[in-house]
Amino acid sequence: MQNTRLTVLFDVLLRQFAQWIRNPWRRIAMLIVGVLFGNFAATVISTITGQTAEWDVLVSLLLLLACELVSWLVYRRRASDSIASDSSSPIQLSPVSSPPAPAPAGPIVLQIANAVKLGMIYGLFVEAFKLGS
């Protein structure tokens, strides 16, 4: 790919964001914002689609597919990493073995998408409880 001004600008901005997000407090803040945005989006989606009952089935199908896609992307990667690390390590016969290392956290984009998904599911449950009471 050619080194145009746009690609250079994009690379610089991406590097600055990656350096900015390495701070654990900023990462946690981004994840909390993701959960809150998912909760807000669930309230908005359920309110808008509740006004016209024609969209309920289609929107629920789209939300289900989006949630399953995010879950597949996030947890497929972790499972394949842990299987690869387990198969490469020799079997230890010692009576005391160390616990397995935690799975890598993954890219921040997948973590934020998972946080939005969790917030959306939580928000939809809250909306269902509000309608049930």
# chains A, B, ... in the order shown; residues from 1 in each chain; ligands from 1
>>> residues_around(residues="stretch 47-61 of chain A", least_positions_apart="2", cutoff="12 Å", atoms="only C-alpha atoms", output="VMD selection string")
chain A and resid 40 to 45 63 to 68 120 to 121 123 to 124 127 to 128 130 to 131
>>> write_last_selection(atoms="C-alpha atoms", output="PDB file, in the first residue's frame")
ATOM      1  CA  PHE A  40     -28.915   3.044  26.730  1.00  0.00           C
ATOM      2  CA  ALA A  41     -29.146   1.413  23.291  1.00  0.00           C
ATOM      3  CA  ALA A  42     -31.360  -1.354  24.693  1.00  0.00           C
ATOM      4  CA  THR A  43     -33.729   1.209  26.186  1.00  0.00           C
ATOM      5  CA  VAL A  44     -33.849   3.175  22.936  1.00  0.00           C
ATOM      6  CA  ILE A  45     -34.339   0.094  20.768  1.00  0.00           C
ATOM      7  CA  LEU A  63     -30.119  -8.214  18.133  1.00  0.00           C
ATOM      8  CA  LEU A  64     -29.781 -11.974  18.574  1.00  0.00           C
ATOM      9  CA  LEU A  65     -27.489 -12.250  15.553  1.00  0.00           C
ATOM     10  CA  ALA A  66     -25.381  -9.299  16.725  1.00  0.00           C
ATOM     11  CA  CYS A  67     -25.025 -10.741  20.237  1.00  0.00           C
ATOM     12  CA  GLU A  68     -24.106 -14.174  18.918  1.00  0.00           C
ATOM     13  CA  MET A 120     -27.602  -4.349  25.921  1.00  0.00           C
ATOM     14  CA  ILE A 121     -28.632  -7.709  27.367  1.00  0.00           C
ATOM     15  CA  GLY A 123     -30.903  -3.262  29.505  1.00  0.00           C
ATOM     16  CA  LEU A 124     -33.322  -5.591  27.726  1.00  0.00           C
ATOM     17  CA  GLU A 127     -37.033  -3.329  30.220  1.00  0.00           C
ATOM     18  CA  ALA A 128     -38.697  -6.742  30.460  1.00  0.00           C
ATOM     19  CA  LYS A 130     -40.426  -2.942  33.877  1.00  0.00           C
ATOM     20  CA  LEU A 131     -43.056  -4.273  31.491  1.00  0.00           C
TER      21      LEU A 131
END
>>> residues_around(residues="A:Val116", least_positions_apart="3", cutoff="10 Å", atoms="only C-alpha atoms", output="ChimeraX atom specification")
/A:31-42,67,70,110-113,119-122
>>> write_last_selection(atoms="N, CA and C atoms", output="mmCIF file, in the first residue's frame")
data_model
loop_
_atom_site.group_PDB
_atom_site.id
_atom_site.type_symbol
_atom_site.label_atom_id
_atom_site.label_comp_id
_atom_site.auth_asym_id
_atom_site.auth_seq_id
_atom_site.Cartn_x
_atom_site.Cartn_y
_atom_site.Cartn_z
ATOM 1 N N LEU A 31 -14.527 0.447 28.946
ATOM 2 C CA LEU A 31 -15.428 -0.693 29.095
ATOM 3 C C LEU A 31 -16.702 -0.302 29.836
ATOM 4 N N ILE A 32 -16.582 0.553 30.843
ATOM 5 C CA ILE A 32 -17.770 1.018 31.567
ATOM 6 C C ILE A 32 -18.651 1.854 30.649
ATOM 7 N N VAL A 33 -18.037 2.704 29.843
ATOM 8 C CA VAL A 33 -18.811 3.489 28.878
ATOM 9 C C VAL A 33 -19.502 2.553 27.882
ATOM 10 N N GLY A 34 -18.839 1.477 27.499
ATOM 11 C CA GLY A 34 -19.453 0.500 26.598
ATOM 12 C C GLY A 34 -20.673 -0.166 27.212
ATOM 13 N N VAL A 35 -20.578 -0.547 28.487
ATOM 14 C CA VAL A 35 -21.723 -1.158 29.169
ATOM 15 C C VAL A 35 -22.873 -0.162 29.272
ATOM 16 N N LEU A 36 -22.560 1.072 29.636
ATOM 17 C CA LEU A 36 -23.612 2.086 29.756
ATOM 18 C C LEU A 36 -24.241 2.408 28.399
ATOM 19 N N PHE A 37 -23.432 2.443 27.351
ATOM 20 C CA PHE A 37 -23.983 2.681 26.018
ATOM 21 C C PHE A 37 -24.883 1.532 25.590
ATOM 22 N N GLY A 38 -24.490 0.296 25.907
ATOM 23 C CA GLY A 38 -25.338 -0.850 25.586
ATOM 24 C C GLY A 38 -26.664 -0.793 26.319
ATOM 25 N N ASN A 39 -26.633 -0.370 27.587
ATOM 26 C CA ASN A 39 -27.862 -0.223 28.363
ATOM 27 C C ASN A 39 -28.751 0.849 27.743
ATOM 28 N N PHE A 40 -28.161 1.969 27.375
ATOM 29 C CA PHE A 40 -28.915 3.044 26.730
ATOM 30 C C PHE A 40 -29.487 2.588 25.391
ATOM 31 N N ALA A 41 -28.682 1.882 24.600
ATOM 32 C CA ALA A 41 -29.146 1.413 23.291
ATOM 33 C C ALA A 41 -30.303 0.433 23.442
ATOM 34 N N ALA A 42 -30.258 -0.417 24.468
ATOM 35 C CA ALA A 42 -31.360 -1.354 24.693
ATOM 36 C C ALA A 42 -32.644 -0.619 25.026
ATOM 37 N N CYS A 67 -25.567 -10.214 18.973
ATOM 38 C CA CYS A 67 -25.025 -10.741 20.237
ATOM 39 C C CYS A 67 -24.255 -12.033 20.012
ATOM 40 N N VAL A 70 -20.860 -11.248 18.279
ATOM 41 C CA VAL A 70 -19.866 -10.699 19.213
ATOM 42 C C VAL A 70 -19.354 -11.799 20.137
ATOM 43 N N LEU A 110 -12.719 -5.677 20.593
ATOM 44 C CA LEU A 110 -13.558 -6.818 20.963
ATOM 45 C C LEU A 110 -14.041 -6.707 22.401
ATOM 46 N N GLN A 111 -13.204 -6.189 23.285
ATOM 47 C CA GLN A 111 -13.631 -6.015 24.671
ATOM 48 C C GLN A 111 -14.757 -4.999 24.771
ATOM 49 N N ILE A 112 -14.662 -3.906 24.028
ATOM 50 C CA ILE A 112 -15.714 -2.887 24.062
ATOM 51 C C ILE A 112 -16.993 -3.436 23.435
ATOM 52 N N ALA A 113 -16.871 -4.190 22.343
ATOM 53 C CA ALA A 113 -18.060 -4.793 21.727
ATOM 54 C C ALA A 113 -18.729 -5.766 22.689
ATOM 55 N N GLY A 119 -24.135 -4.834 28.231
ATOM 56 C CA GLY A 119 -25.016 -3.738 28.618
ATOM 57 C C GLY A 119 -26.357 -3.817 27.916
ATOM 58 N N MET A 120 -26.347 -4.241 26.659
ATOM 59 C CA MET A 120 -27.602 -4.349 25.921
ATOM 60 C C MET A 120 -28.469 -5.473 26.483
ATOM 61 N N ILE A 121 -27.863 -6.603 26.789
ATOM 62 C CA ILE A 121 -28.632 -7.709 27.367
ATOM 63 C C ILE A 121 -29.192 -7.304 28.724
ATOM 64 N N TYR A 122 -28.383 -6.654 29.537
ATOM 65 C CA TYR A 122 -28.855 -6.184 30.837
ATOM 66 C C TYR A 122 -29.993 -5.185 30.669
#
>>> atom_distance(atom1="atom CA of A:Asn114", atom2="atom CA of A:Ser71")
7.1 Å
>>> atom_distance(atom1="atom CA of A:Asn23", atom2="atom CA of A:Phe10")
21.0 Å
>>> atom_distance(atom1="atom CA of A:Arg5", atom2="atom CA of A:Val109")
24.7 Å
>>> closest_residue(among="A:Arg15, A:Lys117, A:Arg27, A:Arg22", to="A:Leu69", atoms="only C-alpha atoms")
A:Lys117
